[in-house]
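Quick notes on the structure that follows.
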Amino acid sequence: MTTADLDRAMVERAARLALRGHGDAEPNPSVGCVIADADGRVVGEGRTAICGGPHAEVVAIGRAGDAARGGTAWVTLEPCNHHGRTPPCVDAIIEAGLARVVIGVRDPNPVAAGGLDRLRRAGVEVEVRDDVAAPRRLHANFLARIATARPWLIAKWAETADGDLIAPPDRARTISSPAAHRMVHRERGRVDAILTGIGTVLADDPRLDVRTRHARRTPRRVVVDRSLASPPDATLFRTPGGPVIVAADADVLDAHPERRDALAEVGATFIALPADYDAGSDADSGIDQRRRTSPDALRHLMHVLARDHDVATVLTEAGPGLLNDLFDADLVNTALVFTAPRSFDQRTTTNPPRDRLDHERYEPLWKGHRGGDHVVWWQRV
């Protein structure tokens, strides 16, 4: 095996290690690090711990001990070069006496970047292996958040074989298998917020909580409810879990204090959306839950969630209307799609979101099965 082939293999190994930290490390990137001694034997591995805990390089160096001296570290992301919640990883690498560092992705964060230059000045050989897909896919969410100042958005939905998301009134509403539901709750426990629309609240009265013993996070529940139509006795207001945030039109919040106050009494807080009434809607009454939400309003919501609520990742629990609005706003970074081997007698979803997953913009990263359902993770190319 050539040095380049070994580097690629070890960076991929570090990326697989980092995946175990999904849901733990955010808003930090989930980084993986593998260290070999001067003779090429792996002597330490590590991944980034919970936010504020040691980074991958520090964990791996701690496990390698003196054997790291003169060795090589393979890291998925450029080691940080600043004092944040923890000291710079560059300091730990130099002090450990590592002779060589190979990274998969440069750090785009101007606050943390500069690690490679400092390592070179300290006499450490540095190699960037940007021809390996695994670390780019691993850190796509972190790179996107730095570039856009918005959370990474996962569009999750369950559909029938022919793309329906909504059951007819006389049919059972549940589409997915119990095994698929367990997977969804696992993912809920790894994100900062669960996003839904007022249509889903009124039709399904969901809890939007996490029902798994191994949740890594307690996500906020966010409802896009432009007209403040959420009933104060809705189940999500009475279910323990993350705080409930209602995103409503700014003028509706001002014009209807009685609705706002009724929701505030059951614990809701609010994000004001820029009003963008569609032609033909009743702006005076302020009640029209079927109105589409503009791209600008949804982008504003995402920016506020990131800036004011420390939200790094969002998972949707929404119907086709809001899902298509999110696609229209170019906010969907990944899609988690459960397809059940069943169909309804009549087609109820006219614009299935599956049609938005064209292969020019999204690629399938993983395919599998949960129960009888086919599951695909898609990610923006």
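Letters A, B, ... go to the chains of the structure tokens in the order shown; residues in each chain start at 1; ligands are counted from 1 in the same order.
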
Leaving out Val246 (chain A) and any residue of its chain fewer than 4 positions from it, which residues lie within 9 Å of it when counting only C-alpha atoms, given as a PyMOL selection string?
chain A and resi 221-226+228+230+263+268-272

As a compact mmCIF listing (two decimals) with N, CA and C atoms, in the first residue's frame, please: the residues near Pro320 (chain A) (cut-off 7 Å, only C-alpha atoms, same-chain neighbours under 3 positions excluded).
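The result, written out as part_4.txt:
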# COMPACT_ATOMS: atom_id res chain seq x y z
N LEU A 323 -43.04 20.75 3.70
CA LEU A 323 -41.86 20.14 3.09
C LEU A 323 -41.53 20.78 1.75
N ASN A 324 -42.54 20.98 0.93
CA ASN A 324 -42.29 21.61 -0.37
C ASN A 324 -41.86 23.07 -0.21
N PRO A 352 -45.85 15.14 -4.22
CA PRO A 352 -45.03 14.40 -3.27
C PRO A 352 -43.60 14.94 -3.21
N PRO A 353 -43.06 15.12 -1.99
CA PRO A 353 -41.71 15.67 -1.88
C PRO A 353 -40.64 14.77 -2.49

From the options A:Thr148, A:Asn141, A:Ser227, A:Thr174, which residue's atoms come nearest to Val381 (chain A), counting only C-alpha atoms?
A:Asn141

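Candidate residues A:Pro178, A:Leu253, A:Gly104, A:Arg347 were compared for distance to Ala133 (chain A), and the nearest is A:Gly104, using only C-alpha atoms.
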
Can you tell me, as a ChimeraX atom specification, which residues in region 187-340 of chain A count as alpha helix (DSSP H) by DSSP?
/A:187-188,198-204,235-238,250-255,257-265,295-309,320-328

Just want the 12 Å neighbourhood of Asp330 (chain A), counted on only C-alpha atoms, with same-chain residues fewer than 4 positions away dropped. Output as a list in words.
Thr148, Arg150, Trp152, Leu153, Ala155, Ser294, Pro295, Asp296, Leu298, Arg299, Met302, Leu323, Asn324, Asp325, Leu326, Thr334, Arg356, Leu357, Arg361 and Arg380 of chain A

Name the closest residue to Arg16 (chain A) among the candidates A:Pro29, A:Pro135, A:Pro274, A:Gly84; distances are taken between atoms, counting only C-alpha atoms.
A:Pro135

Can you tell me which residues surround Ala122 (chain A) at a distance of at most 8 Å, considering only C-alpha atoms, apart from same-chain residues fewer than 3 positions away, and format the answer as an mmCIF file with C-alpha atoms, in the first residue's frame?
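Result file selection-v1.cif:
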data_model
loop_
_atom_site.group_PDB
_atom_site.id
_atom_site.type_symbol
_atom_site.label_atom_id
_atom_site.label_comp_id
_atom_site.auth_asym_id
_atom_site.auth_seq_id
_atom_site.Cartn_x
_atom_site.Cartn_y
_atom_site.Cartn_z
ATOM 1 C CA ILE A 94 2.979 19.851 18.886
ATOM 2 C CA ARG A 118 1.124 26.679 12.632
ATOM 3 C CA LEU A 119 1.917 22.959 12.519
#

As an exercise, work out the distance from CA of Val266 (chain A) to CA of Arg213 (chain A) in Å and give it to one decimal place.
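Rounded to one decimal, the two atoms are 26.4 Å apart.
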
Point out the residue among A:Val102, A:Ala203, A:Arg137, A:Val210 with the least atom-to-atom distance to Glu363 (chain A), counting only C-alpha atoms.
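Among the listed residues, A:Arg137 lies closest to Glu363 (chain A).
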
So how far away is CA of Asp261 (chain A) from CA of Pro219 (chain A), in Å?
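We find that CA of Pro219 (chain A) and CA of Asp261 (chain A) lie 23.4 Å from each other.
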
CA of His22 (chain A) and CA of Ala140 (chain A) are how many Å apart?
12.6 Å

Within 9 Å of Ala68 (chain A), counting only C-alpha atoms, which residues show up once you throw out same-chain ones fewer than 4 positions away? Write them as a compact mmCIF listing (two decimals) with C-alpha atoms, in the first residue's frame, please.
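As a result, result-v7.txt now contains:
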# COMPACT_ATOMS: atom_id res chain seq x y z
CA ILE A 35 -2.80 7.99 15.60
CA ALA A 36 -0.06 5.53 14.62
CA ASP A 37 3.40 5.37 16.15
CA ALA A 38 6.65 5.77 14.20
CA VAL A 43 -1.80 3.43 19.22
CA GLY A 44 -4.69 5.85 19.78
CA ILE A 61 -3.22 11.63 22.01
CA ALA A 64 -1.52 7.01 22.58
CA THR A 72 1.27 10.22 12.36
CA ALA A 73 -2.23 11.53 13.10
CA ALA A 96 2.86 15.23 21.75
CA GLY A 97 5.73 15.30 19.25
CA LEU A 98 3.76 14.00 16.27
CA ALA A 99 5.87 14.12 13.12

Which residues are near His303 (chain A)? Cut-off 12 Å, only C-alpha atoms, ignore same chain within fewer than 2 positions. Put them as a list in words.
Arg145, Ile146, Thr148, Ala149, Arg150, Pro151, Trp152, Leu153, Ile271, Leu273, Asp296, Ala297, Leu298, Arg299, His300, Leu301, Leu305, Ala306, Arg307, Asp308, His309, Asp310, Val311, Ala312, Thr313, Val314 and Leu331 of chain A

For Val101 (chain A), which residue among A:Thr350, A:Thr293, A:Thr76, A:Thr48 is the nearest when counting only C-alpha atoms?
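Checking each of A:Thr350, A:Thr293, A:Thr76, A:Thr48 against Val101 (chain A), counting only C-alpha atoms, the winner is A:Thr76.
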
For Ala9 (chain A), the nearest of the candidates A:Arg182, A:Arg220, A:Arg129, A:Arg292, counting only C-alpha atoms
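Result for the nearest residue to Ala9 (chain A): A:Arg129.
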